[in-house]
$ cat final_15.cif   # mmCIF, C-alpha atoms
data_data
loop_
_atom_site.label_atom_id
_atom_site.label_comp_id
_atom_site.auth_asym_id
_atom_site.auth_seq_id
_atom_site.Cartn_x
_atom_site.Cartn_y
_atom_site.Cartn_z
CA MET A 242 0.00 0.00 0.00
CA MET A 243 1.24 3.44 -0.84
CA ASN A 244 2.04 5.93 1.92
CA ILE A 245 -0.84 8.40 1.64
CA LYS A 246 -0.80 11.56 3.72
CA PHE A 247 -3.95 13.13 2.33
CA VAL A 248 -6.07 12.71 -0.74
CA GLY A 249 -7.53 15.91 -2.18
CA VAL A 250 -10.28 15.27 -4.71
CA VAL A 251 -9.98 17.22 -7.94
CA PHE A 252 -11.62 17.02 -11.37
CA SER A 253 -10.29 16.35 -14.87
CA THR A 254 -6.68 15.19 -14.58
CA PHE A 255 -6.91 14.57 -10.80
CA PHE A 256 -3.90 14.41 -8.54
CA LEU A 257 -2.98 13.86 -4.90
CA LEU A 258 -2.36 16.70 -2.47
CA ASN A 259 -0.09 15.64 0.38
CA CYS A 260 -0.12 17.11 3.84
CA SER A 261 0.38 15.84 7.35
CA THR A 262 -1.45 12.88 8.83
CA TYR A 263 -4.63 13.64 10.77
CA LYS A 264 -6.36 11.50 13.33
CA ASN A 265 -9.49 11.61 15.50
CA ALA A 266 -10.98 14.06 13.00
CA SER A 267 -14.49 12.63 13.07
CA GLN A 268 -17.36 13.02 15.49
CA THR A 269 -21.04 12.06 15.58
CA MET A 270 -23.66 14.54 16.73
CA ASP A 271 -26.89 13.57 18.48
CA GLU A 272 -28.83 16.65 17.45
CA PRO A 273 -31.63 15.97 14.88
CA LEU A 274 -30.15 18.27 12.23
CA ILE A 275 -31.41 16.27 9.25
CA GLU A 276 -34.93 15.99 10.65
CA ASN A 277 -35.00 19.73 11.37
CA LEU A 278 -33.87 20.54 7.82
CA LEU A 279 -36.54 18.29 6.34
CA LYS A 280 -39.22 19.87 8.52
CA GLN A 281 -38.38 23.24 6.99
CA HIS A 282 -39.70 21.88 3.68
CA PRO A 283 -43.03 20.24 4.57
CA GLU A 284 -44.28 20.30 0.98
CA GLN A 285 -41.44 17.96 0.00
CA PHE A 286 -40.97 15.74 3.04
CA ASP A 287 -43.97 15.80 5.40
CA SER A 288 -45.88 12.95 3.79
CA LEU A 289 -42.74 10.80 3.70
CA MET A 290 -41.79 11.45 7.31
CA LYS A 291 -45.32 10.73 8.55
CA LYS A 292 -45.22 7.31 6.86
CA ASN A 293 -41.59 6.45 7.33
CA ASN A 294 -42.47 2.91 8.40
CA GLN A 295 -43.62 2.48 4.81
CA TRP A 296 -40.84 4.37 3.03
CA GLN A 297 -38.06 3.22 5.41
CA ILE A 298 -35.85 6.25 4.80
CA GLN A 299 -32.30 6.21 6.18
CA ILE A 300 -29.92 9.17 5.80
CA ILE A 301 -26.29 9.86 6.76
CA TYR A 302 -24.94 13.39 6.29
CA THR A 303 -21.29 14.20 6.95
CA GLN A 304 -20.16 17.81 7.24
CA ILE A 305 -16.54 18.50 6.32
CA ASP A 306 -14.60 21.36 7.91
CA ARG A 307 -11.01 22.13 7.00
CA ASP A 308 -8.44 23.40 9.48
CA LYS A 309 -5.79 26.03 8.71
CA ASN A 310 -3.68 23.35 7.00
CA ASN A 311 -6.64 22.29 4.82
CA ARG A 312 -6.97 19.01 6.72
CA PRO A 313 -10.59 17.78 6.79
CA HIS A 314 -12.51 17.12 9.98
CA PHE A 315 -15.84 15.30 9.88
CA THR A 316 -19.14 15.63 11.74
CA ASN A 317 -21.73 12.92 11.14
CA TYR A 318 -25.51 13.30 11.40
CA TYR A 319 -27.99 10.44 11.15
CA PHE A 320 -31.67 10.14 10.40
CA ASN A 321 -33.46 6.85 11.10
CA VAL A 322 -30.28 4.81 10.50
CA ASP A 323 -30.63 1.22 11.67
CA PRO A 324 -27.97 -1.35 10.70
CA ASN A 325 -30.45 -4.13 11.43
CA ARG A 326 -33.09 -2.82 9.00
CA TYR A 327 -32.54 -4.58 5.71
CA PHE A 328 -32.65 -2.80 2.37
CA TYR A 329 -31.68 -4.39 -0.91
CA PRO A 330 -28.42 -2.64 -1.90
CA ALA A 331 -28.82 -3.32 -5.63
CA SER A 332 -26.01 -1.71 -7.65
CA THR A 333 -24.33 0.00 -4.70
CA VAL A 334 -22.42 -3.27 -4.19
CA LYS A 335 -20.54 -2.46 -7.39
CA MET A 336 -18.62 0.24 -5.54
CA PRO A 337 -16.80 -2.10 -3.11
CA ALA A 338 -16.38 -4.58 -5.98
CA ALA A 339 -14.53 -1.94 -8.00
CA PHE A 340 -12.34 -0.90 -5.09
CA LEU A 341 -11.58 -4.51 -4.17
CA ALA A 342 -10.66 -5.46 -7.74
CA LEU A 343 -7.86 -2.86 -7.68
CA HIS A 344 -6.98 -3.91 -4.13
CA LYS A 345 -6.61 -7.56 -5.22
CA LEU A 346 -4.47 -6.67 -8.23
CA ASN A 347 -2.09 -4.78 -5.95
CA GLU A 348 -2.06 -7.62 -3.43
CA LEU A 349 -1.12 -10.09 -6.17
CA GLY A 350 1.88 -7.92 -7.01
CA ILE A 351 2.63 -9.71 -10.28
CA PRO A 352 5.04 -7.78 -12.54
CA GLY A 353 3.19 -6.37 -15.53
CA LEU A 354 -0.26 -7.18 -14.18
CA ASN A 355 -2.40 -4.09 -13.70
CA LYS A 356 -5.90 -2.72 -14.22
CA ASN A 357 -5.25 -2.20 -17.94
CA SER A 358 -4.20 -5.79 -18.61
CA VAL A 359 -6.43 -7.81 -20.93
CA MET A 360 -8.81 -9.97 -18.86
CA LEU A 361 -10.35 -13.00 -20.59
CA THR A 362 -13.09 -14.85 -18.73
CA GLU A 363 -13.79 -18.51 -19.48
CA ALA A 364 -16.93 -20.56 -18.82
CA THR A 365 -16.43 -24.10 -17.48
CA TYR A 366 -19.35 -24.37 -15.03
CA PRO A 367 -23.02 -24.79 -16.04
CA GLY A 368 -24.78 -21.46 -16.48
CA HIS A 369 -21.59 -19.40 -16.63
CA THR A 370 -20.67 -17.24 -19.62
CA ALA A 371 -17.36 -16.26 -21.19
CA VAL A 372 -15.94 -12.89 -22.29
CA ILE A 373 -13.18 -12.65 -24.89
CA LYS A 374 -13.85 -9.19 -26.37
CA ASP A 375 -15.34 -5.81 -25.50
CA THR A 376 -16.17 -3.63 -28.47
CA SER A 377 -16.77 -0.62 -26.20
CA SER A 378 -13.10 -0.41 -25.18
CA ALA A 379 -10.34 1.35 -27.09
CA ASN A 380 -8.51 -1.91 -27.88
CA GLY A 381 -11.61 -4.10 -28.20
CA LYS A 382 -10.56 -6.17 -25.20
CA PRO A 383 -12.04 -6.49 -21.69
CA GLY A 384 -10.12 -5.50 -18.58
CA ILE A 385 -10.49 -4.41 -14.95
CA ALA A 386 -10.14 -0.69 -15.71
CA HIS A 387 -12.76 -0.77 -18.43
CA TYR A 388 -15.20 -2.70 -16.24
CA ILE A 389 -14.77 -0.11 -13.48
CA LYS A 390 -15.39 2.71 -15.95
CA LYS A 391 -18.69 1.14 -17.00
CA ILE A 392 -19.70 0.56 -13.39
CA PHE A 393 -19.37 4.21 -12.41
CA LEU A 394 -20.46 5.77 -15.71
CA VAL A 395 -23.75 3.86 -16.19
CA SER A 396 -23.84 1.14 -13.49
CA ASP A 397 -23.25 -1.73 -15.92
CA ASN A 398 -24.38 -5.07 -14.44
CA ASP A 399 -22.18 -7.38 -16.52
CA ALA A 400 -19.12 -5.30 -15.62
CA HIS A 401 -19.86 -5.89 -11.94
CA ASN A 402 -20.41 -9.60 -12.48
CA ARG A 403 -16.98 -9.94 -14.13
CA LEU A 404 -15.35 -8.26 -11.14
CA TYR A 405 -17.36 -10.54 -8.81
CA GLU A 406 -15.88 -13.49 -10.71
CA PHE A 407 -12.35 -12.11 -10.46
CA LEU A 408 -12.75 -11.54 -6.72
CA GLY A 409 -14.56 -14.76 -5.87
CA GLN A 410 -17.30 -14.91 -3.25
CA GLU A 411 -15.03 -15.79 -0.32
CA TYR A 412 -12.45 -13.11 -1.08
CA PHE A 413 -15.16 -10.50 -1.64
CA ASN A 414 -16.77 -11.12 1.75
CA ASN A 415 -13.81 -12.10 3.90
CA THR A 416 -11.64 -9.17 2.80
CA LEU A 417 -14.36 -6.61 3.57
CA HIS A 418 -15.02 -8.29 6.94
CA ARG A 419 -11.32 -8.13 7.85
CA MET A 420 -11.37 -4.44 6.94
CA GLY A 421 -14.15 -3.86 9.46
CA TYR A 422 -17.18 -3.76 7.17
CA SER A 423 -19.01 -6.44 9.10
CA SER A 424 -22.52 -6.06 7.63
CA VAL A 425 -21.44 -7.33 4.22
CA GLN A 426 -23.00 -10.39 2.61
CA MET A 427 -22.15 -10.47 -1.11
CA LEU A 428 -23.82 -13.63 -2.32
CA HIS A 429 -24.66 -13.33 -6.00
CA ARG A 430 -24.13 -11.73 -9.39
CA LEU A 431 -26.60 -9.08 -10.52
CA SER A 432 -29.47 -9.33 -13.02
CA VAL A 433 -28.78 -12.93 -13.97
CA ASN A 434 -30.79 -15.90 -12.75
CA MET A 435 -28.33 -18.26 -11.07
CA SER A 436 -28.52 -20.81 -8.29
CA ASP A 437 -26.58 -20.58 -5.06
CA GLU A 438 -24.04 -23.08 -6.41
CA GLN A 439 -23.61 -21.17 -9.65
CA ASN A 440 -22.92 -18.01 -7.66
CA ARG A 441 -20.50 -19.83 -5.36
CA HIS A 442 -18.53 -20.95 -8.41
CA THR A 443 -16.60 -18.20 -10.19
CA ASN A 444 -15.12 -18.44 -13.66
CA PRO A 445 -11.55 -19.19 -14.69
CA ILE A 446 -9.79 -15.98 -15.71
CA LYS A 447 -6.58 -15.23 -17.61
CA PHE A 448 -4.75 -11.91 -17.81
CA TYR A 449 -2.49 -10.96 -20.71
CA ASP A 450 -0.24 -8.05 -21.52
CA GLU A 451 -0.43 -6.03 -24.75
CA ASN A 452 1.83 -8.58 -26.46
CA SER A 453 -0.50 -11.48 -25.56
CA LYS A 454 1.89 -12.79 -22.91
CA LEU A 455 0.09 -14.64 -20.11
CA LEU A 456 0.55 -12.75 -16.85
CA TYR A 457 -1.75 -14.52 -14.41
CA GLU A 458 -4.19 -17.40 -14.48
CA GLN A 459 -6.97 -17.89 -11.95
CA PRO A 460 -8.79 -21.25 -11.97
CA LEU A 461 -12.46 -21.99 -11.38
CA VAL A 462 -13.11 -21.25 -7.71
CA ASN A 463 -15.79 -22.83 -5.51
CA SER A 464 -16.67 -20.72 -2.47
CA LYS A 465 -17.10 -22.55 0.84
CA LEU A 466 -18.28 -19.36 2.51
CA ILE A 467 -20.48 -19.88 5.57
CA TYR A 468 -22.52 -16.78 6.23
CA GLU A 469 -24.94 -15.88 8.99
CA PRO A 470 -28.46 -16.98 8.02
CA ARG A 471 -31.19 -14.35 7.81
CA GLN A 472 -34.97 -14.37 7.81
CA THR A 473 -35.68 -11.32 5.66
CA PHE A 474 -39.15 -11.04 4.14
CA TYR A 475 -40.90 -8.01 2.64
CA GLY A 476 -44.29 -7.14 1.23
CA LYS A 477 -47.40 -9.20 0.67
CA GLY A 478 -46.75 -10.82 -2.70
CA TYR A 479 -44.54 -11.20 -5.75
CA TYR A 480 -44.71 -12.36 -9.34
CA SER A 481 -43.02 -15.59 -10.36
CA GLY A 482 -43.39 -17.12 -13.80
CA GLY A 483 -46.01 -14.51 -14.65
CA LYS A 484 -48.22 -15.46 -11.71
CA LEU A 485 -48.85 -13.62 -8.46
CA VAL A 486 -47.69 -15.48 -5.35
CA GLU A 487 -49.54 -14.08 -2.35
CA LYS A 488 -46.89 -14.29 0.32
CA PRO A 489 -43.95 -12.08 1.36
CA PHE A 490 -40.92 -11.92 -0.91
CA ASP A 491 -37.81 -13.61 0.49
CA PHE A 492 -34.64 -11.47 0.59
CA SER A 493 -32.83 -13.87 2.95
CA ASN A 494 -30.35 -14.97 0.30
CA LYS A 495 -29.93 -11.59 -1.37
CA ASN A 496 -26.91 -9.30 -1.07
CA ARG A 497 -26.71 -7.24 2.09
CA ILE A 498 -24.68 -4.23 3.29
CA SER A 499 -25.63 -1.48 5.73
CA LEU A 500 -25.86 2.17 4.69
CA GLU A 501 -23.19 3.04 7.26
CA ASP A 502 -20.74 0.54 5.78
CA LEU A 503 -21.36 1.89 2.28
CA HIS A 504 -20.82 5.44 3.57
CA SER A 505 -17.59 4.36 5.29
CA ILE A 506 -16.31 2.49 2.22
CA LEU A 507 -16.73 5.61 0.10
CA LYS A 508 -15.01 7.72 2.77
CA ALA A 509 -12.12 5.22 2.83
CA VAL A 510 -11.38 6.00 -0.84
CA ILE A 511 -12.16 9.73 -0.90
CA PHE A 512 -10.41 10.39 2.44
CA PRO A 513 -8.25 7.31 3.17
CA GLN A 514 -6.32 8.97 5.99
CA ALA A 515 -9.60 9.67 7.80
CA VAL A 516 -10.19 5.97 8.46
CA SER A 517 -8.11 3.40 10.29
CA LYS A 518 -5.38 1.57 8.39
CA LYS A 519 -7.47 -1.58 8.61
CA GLN A 520 -10.30 0.08 6.69
CA ARG A 521 -8.18 1.39 3.81
CA PHE A 522 -7.96 -0.28 0.42
CA ASN A 523 -4.60 -1.20 -1.07
CA LEU A 524 -4.55 1.39 -3.86
CA THR A 525 -1.83 3.26 -5.72
CA ASN A 526 -1.74 6.97 -6.50
CA ASP A 527 -2.78 6.15 -10.05
CA ASP A 528 -5.69 4.03 -8.76
CA TYR A 529 -7.02 6.99 -6.78
CA ARG A 530 -6.74 9.34 -9.77
CA PHE A 531 -8.48 6.79 -11.96
CA LEU A 532 -11.35 6.25 -9.51
CA TYR A 533 -11.93 9.97 -8.91
CA LYS A 534 -12.07 10.58 -12.65
CA TYR A 535 -14.68 7.96 -13.46
CA MET A 536 -16.72 8.19 -10.27
CA SER A 537 -17.52 11.81 -11.12
CA MET A 538 -17.53 11.68 -14.92
CA LYS A 539 -20.76 12.19 -16.87
CA PRO A 540 -21.61 9.53 -19.51
CA GLY A 541 -21.36 12.10 -22.31
CA GLU A 542 -17.77 12.92 -21.32
CA SER A 543 -16.58 9.39 -22.02
CA ASP A 544 -15.07 8.31 -25.35
CA TYR A 545 -14.51 4.67 -24.38
CA PRO A 546 -17.16 3.57 -23.68
CA ARG A 547 -19.25 5.99 -25.76
CA TYR A 548 -22.87 6.38 -24.70
CA ASP A 549 -26.10 7.62 -26.27
CA THR A 550 -26.66 10.75 -24.21
CA SER A 551 -30.36 10.90 -25.08
CA HIS A 552 -30.71 7.91 -22.75
CA TYR A 553 -27.60 8.16 -20.57
CA THR A 554 -28.05 11.76 -19.46
CA ASP A 555 -25.63 13.69 -17.22
CA ALA A 556 -27.55 12.67 -14.10
CA TYR A 557 -28.29 9.08 -15.14
CA VAL A 558 -26.47 7.75 -12.05
CA LYS A 559 -26.74 10.89 -9.90
CA PHE A 560 -29.87 10.48 -7.75
CA LEU A 561 -29.03 12.95 -4.99
CA MET A 562 -29.50 16.57 -6.16
CA PHE A 563 -30.48 15.60 -9.73
CA GLY A 564 -32.98 12.75 -9.42
CA GLY A 565 -31.34 10.32 -11.82
CA GLY A 566 -32.07 12.16 -15.06
CA GLY A 567 -31.53 15.25 -17.16
CA PRO A 568 -28.61 17.66 -17.39
CA MET A 569 -26.15 18.83 -14.75
CA PRO A 570 -25.62 22.35 -16.10
CA ASP A 571 -23.17 23.59 -13.46
CA SER A 572 -19.78 22.13 -14.34
CA ASN A 573 -18.46 23.25 -10.94
CA ILE A 574 -20.55 20.56 -9.22
CA ARG A 575 -19.16 17.04 -9.25
CA ILE A 576 -20.60 13.99 -7.52
CA PHE A 577 -18.39 11.01 -6.63
CA ASN A 578 -20.93 8.31 -5.91
CA LYS A 579 -22.62 4.98 -6.52
CA VAL A 580 -26.36 4.44 -6.85
CA GLY A 581 -28.61 1.40 -6.73
CA ASP A 582 -32.22 0.70 -7.59
CA ALA A 583 -34.07 -2.63 -7.59
CA TYR A 584 -37.19 -4.16 -6.02
CA GLY A 585 -38.33 -0.64 -5.12
CA PHE A 586 -35.21 0.12 -3.06
CA LEU A 587 -33.46 3.32 -4.14
CA THR A 588 -30.03 4.21 -2.71
CA ASP A 589 -27.25 6.73 -3.34
CA VAL A 590 -23.91 7.04 -1.55
CA ALA A 591 -22.11 10.24 -2.48
CA TYR A 592 -19.37 12.79 -1.91
CA ILE A 593 -20.57 16.08 -3.42
CA VAL A 594 -18.33 19.01 -4.32
CA ASP A 595 -18.99 22.51 -5.67
CA TYR A 596 -15.60 23.88 -6.63
CA ASN A 597 -16.96 27.37 -7.21
CA SER A 598 -18.61 27.91 -3.82
CA GLY A 599 -16.24 25.73 -1.77
CA VAL A 600 -18.99 23.32 -0.74
CA GLU A 601 -18.13 19.69 0.04
CA PHE A 602 -20.05 17.09 1.99
CA MET A 603 -20.91 13.40 2.10
CA LEU A 604 -24.51 12.25 1.87
CA SER A 605 -25.96 8.73 1.75
CA ALA A 606 -29.63 7.83 1.64
CA THR A 607 -31.97 4.94 0.94
CA ILE A 608 -35.75 4.76 0.50
CA HIS A 609 -38.11 1.85 -0.15
CA CYS A 610 -40.46 2.82 -3.01
CA ASN A 611 -42.97 -0.03 -3.16
CA SER A 612 -46.28 1.19 -1.76
CA ASP A 613 -48.36 -1.76 -3.01
CA GLY A 614 -46.10 -4.37 -1.37
CA ILE A 615 -45.81 -6.44 -4.56
CA TYR A 616 -42.42 -7.36 -6.02
CA ASN A 617 -41.36 -8.21 -9.57
CA ASP A 618 -44.33 -6.34 -11.04
CA ASP A 619 -42.27 -3.37 -12.30
CA LYS A 620 -44.69 -1.06 -10.47
CA TYR A 621 -42.47 0.83 -8.09
CA ASP A 622 -42.75 4.43 -6.89
CA TYR A 623 -39.41 5.60 -8.26
CA ASP A 624 -40.69 8.46 -10.41
CA THR A 625 -43.39 9.70 -8.03
CA VAL A 626 -41.60 9.25 -4.70
CA GLY A 627 -38.02 7.98 -4.86
CA PHE A 628 -36.30 10.22 -7.40
CA PRO A 629 -38.05 13.41 -6.18
CA PHE A 630 -37.02 12.53 -2.61
CA MET A 631 -33.38 12.02 -3.61
CA ARG A 632 -33.29 15.21 -5.65
CA ASN A 633 -34.96 17.29 -2.94
CA LEU A 634 -32.82 15.84 -0.15
CA GLY A 635 -29.60 16.57 -2.02
CA GLN A 636 -30.70 20.11 -2.81
CA VAL A 637 -31.75 20.85 0.78
CA ILE A 638 -28.39 19.68 2.16
CA TYR A 639 -26.51 21.51 -0.60
CA GLN A 640 -28.32 24.79 0.13
CA HIS A 641 -27.67 24.31 3.85
CA GLU A 642 -23.98 23.83 3.09
CA LYS A 643 -23.84 26.98 0.97
CA LYS A 644 -25.09 29.00 3.94
CA ARG A 645 -23.02 27.21 6.60
CA SER A 646 -20.16 29.31 7.95
CA LYS A 647 -16.69 27.80 8.04
CA LYS A 648 -13.68 29.11 9.92
CA TYR A 649 -11.37 28.18 7.07
CA ALA A 650 -12.40 28.06 3.42
CA PRO A 651 -11.49 24.70 1.88
CA VAL A 652 -8.85 24.54 -0.84
CA LEU A 653 -10.43 22.25 -3.43
CA ILE A 654 -7.89 22.03 -6.23
CA ARG A 655 -9.05 21.55 -9.80
CA PRO A 656 -6.64 21.93 -12.73
#
$ encode --input "final_15.cif" --output "structure tokens"
Amino acid sequence: MMNIKFVGVVFSTFFLLNCSTYKNASQTMDEPLIENLLKQHPEQFDSLMKKNNQWQIQIIYTQIDRDKNNRPHFTNYYFNVDPNRYFYPASTVKMPAAFLALHKLNELGIPGLNKNSVMLTEATYPGHTAVIKDTSSANGKPGIAHYIKKIFLVSDNDAHNRLYEFLGQEYFNNTLHRMGYSSVQMLHRLSVNMSDEQNRHTNPIKFYDENSKLLYEQPLVNSKLIYEPRQTFYGKGYYSGGKLVEKPFDFSNKNRISLEDLHSILKAVIFPQAVSKKQRFNLTNDDYRFLYKYMSMKPGESDYPRYDTSHYTDAYVKFLMFGGGGPMPDSNIRIFNKVGDAYGFLTDVAYIVDYNSGVEFMLSATIHCNSDGIYNDDKYDYDTVGFPFMRNLGQVIYQHEKKRSKKYAPVLIRP
């Protein structure tokens, strides 16, 4: 692991700003700041707060104050956060998968093997699929870096699944547990129908350099992971095979991670020195620059992959502040985040920066948008409840930050 003193997030070419180590720079406040801010906007939040048992909103807001040396200090505020209340994390699990893929590459330490190496995935187990090309990449070949780009640019499911296969189920879970993220249960690929055994088995993978020299070969892996059983049921019915089954939907064997762990994992990459050494990922300076670039990039700014911006708008994966659609006209605002939406659960975990006004804060939120209690019917309340909530919440916190006085103005460097 590199010796980081401080990571300063910047846009475009991105680089690291070093200054002295800081410790004990985080505190949690008991005052109901978030609730008080929401109450100031009853037209947007009253109906949600009065029925929060239905909407199951959880929010974490972290204020960031810089000292005279520009070192960040953190104050955390919580609304309705409960690590024991399950929500389906959906695509937010792609964020730790991306970080861990780089972490594993650096742990392997094989000369010549890096995130830009060609990664060919084989299929030797029933139900698995192979990947030998990627026409969306500059060289037409798949690789870790390109998968990570697609994850953060448009939340690509197959890209995540290929990283899941590179990591393996045991490594994915056990590594995050050792790092202190104890709520994690990563049990399956996304958006593919596979059995428990198919998800426990992960594909053989080979990495090559640009001259087609074999750098590393990973065999088929069978996970023997034993995870804590859950009894997690939601709703009153679900569709299966086109028919309504009138009983609660079973999430017991679905992926799990708490909002607080997601928030902490993001903080560990944006501000690695603000977390314990145990919680940091094994990343290089170049890894950090790479992640910052693509976590905050808009789909239309990407050449490889290139996206149809009539569908993949600026805010396609920016729920907080922008509601997951439309333009982001202020180029001074950048959001380093990961979203997820499935089964009516809508989540965003974000670090938000306005380089013009000197605003920076972390904000994570989840809401359950399924008022009829039926799953797999594609009738969720995303457009009427979820996206407006995320947009309004982000804007309320952003406006609060713009008015909040700070002893020292942050130095947020952008080339």
$ atom_distance --input "final_15.cif" --atom1 "atom CA of A:Phe586" --atom2 "atom CA of A:His609"
4.5 Å
$ closest_atom_pairs --input "final_15.cif" --of "stretch 287-404 of chain A" --to "stretch 541-556 of chain A" --cutoff "6 Å" --atoms "all atoms listed in the file" --output "Markdown table"
| residue | atom | partner | partner_atom | distance |
| --- | --- | --- | --- | --- |
| A:Ser377 | CA | A:Pro546 | CA | 4.9 |
| A:Ser378 | CA | A:Tyr545 | CA | 5.3 |
| A:Ala379 | CA | A:Tyr545 | CA | 6.0 |
$ residues_near_point --input "final_15.cif" --point "(-11.9, -7.4, -24.5)" --cutoff "8 Å" --atoms "only C-alpha atoms" --output "mmCIF file with C-alpha atoms, keeping the file's coordinate frame"
data_model
loop_
_atom_site.group_PDB
_atom_site.id
_atom_site.type_symbol
_atom_site.label_atom_id
_atom_site.label_comp_id
_atom_site.auth_asym_id
_atom_site.auth_seq_id
_atom_site.Cartn_x
_atom_site.Cartn_y
_atom_site.Cartn_z
ATOM 1 C CA VAL A 359 -6.430 -7.810 -20.930
ATOM 2 C CA MET A 360 -8.810 -9.970 -18.860
ATOM 3 C CA LEU A 361 -10.350 -13.000 -20.590
ATOM 4 C CA VAL A 372 -15.940 -12.890 -22.290
ATOM 5 C CA ILE A 373 -13.180 -12.650 -24.890
ATOM 6 C CA LYS A 374 -13.850 -9.190 -26.370
ATOM 7 C CA ASP A 375 -15.340 -5.810 -25.500
ATOM 8 C CA THR A 376 -16.170 -3.630 -28.470
ATOM 9 C CA SER A 378 -13.100 -0.410 -25.180
ATOM 10 C CA ASN A 380 -8.510 -1.910 -27.880
ATOM 11 C CA GLY A 381 -11.610 -4.100 -28.200
ATOM 12 C CA LYS A 382 -10.560 -6.170 -25.200
ATOM 13 C CA PRO A 383 -12.040 -6.490 -21.690
ATOM 14 C CA GLY A 384 -10.120 -5.500 -18.580
#
$ closest_residue --input "final_15.cif" --among "A:Gln295, A:Ser332, A:Thr370, A:Thr525" --to "A:Lys356" --atoms "all atoms listed in the file"
A:Thr525
$ closest_residue --input "final_15.cif" --among "A:Ile298, A:Val590, A:Ile576, A:Val600" --to "A:Ile638" --atoms "all atoms listed in the file"
A:Val600
$ closest_atom_pairs --input "final_15.cif" --of "stretch 584-638 of chain A" --to "stretch 478-485 of chain A" --cutoff "12 Å" --atoms "all atoms listed in the file" --output "CSV"
residue,atom,partner,partner_atom,distance
A:Tyr584,CA,A:Tyr479,CA,10.2
A:Asn611,CA,A:Gly478,CA,11.4
A:Asp613,CA,A:Gly478,CA,9.2
A:Gly614,CA,A:Gly478,CA,6.6
A:Ile615,CA,A:Gly478,CA,4.9
A:Tyr616,CA,A:Tyr479,CA,4.4
A:Asn617,CA,A:Tyr480,CA,5.3
A:Asp618,CA,A:Tyr480,CA,6.3
A:Asp619,CA,A:Tyr480,CA,9.8
A:Lys620,CA,A:Tyr479,CA,11.2
$ closest_residue --input "final_15.cif" --among "A:Glu276, A:Asp323, A:Asp306, A:Asp399" --to "A:Asp502" --atoms "only C-alpha atoms"
A:Asp323
$ residues_around --input "final_15.cif" --residues "A:Asn633" --least-positions-apart "4" --cutoff "12 Å" --atoms "all atoms listed in the file" --output "count of residues only"
22
$ resolve_selection --input "final_15.cif" --expression "the PyMOL selection byres ((chain A and resi 520) around 10)" --output "PyMOL selection string"
chain A and resi 417-422+505-506+508-510+513-519+521-523
$ resolve_selection --input "final_15.cif" --expression "the PyMOL selection byres ((chain A and resi 464) around 7)" --output "ChimeraX atom specification"
/A:410-411,441-442,462-463,465-466
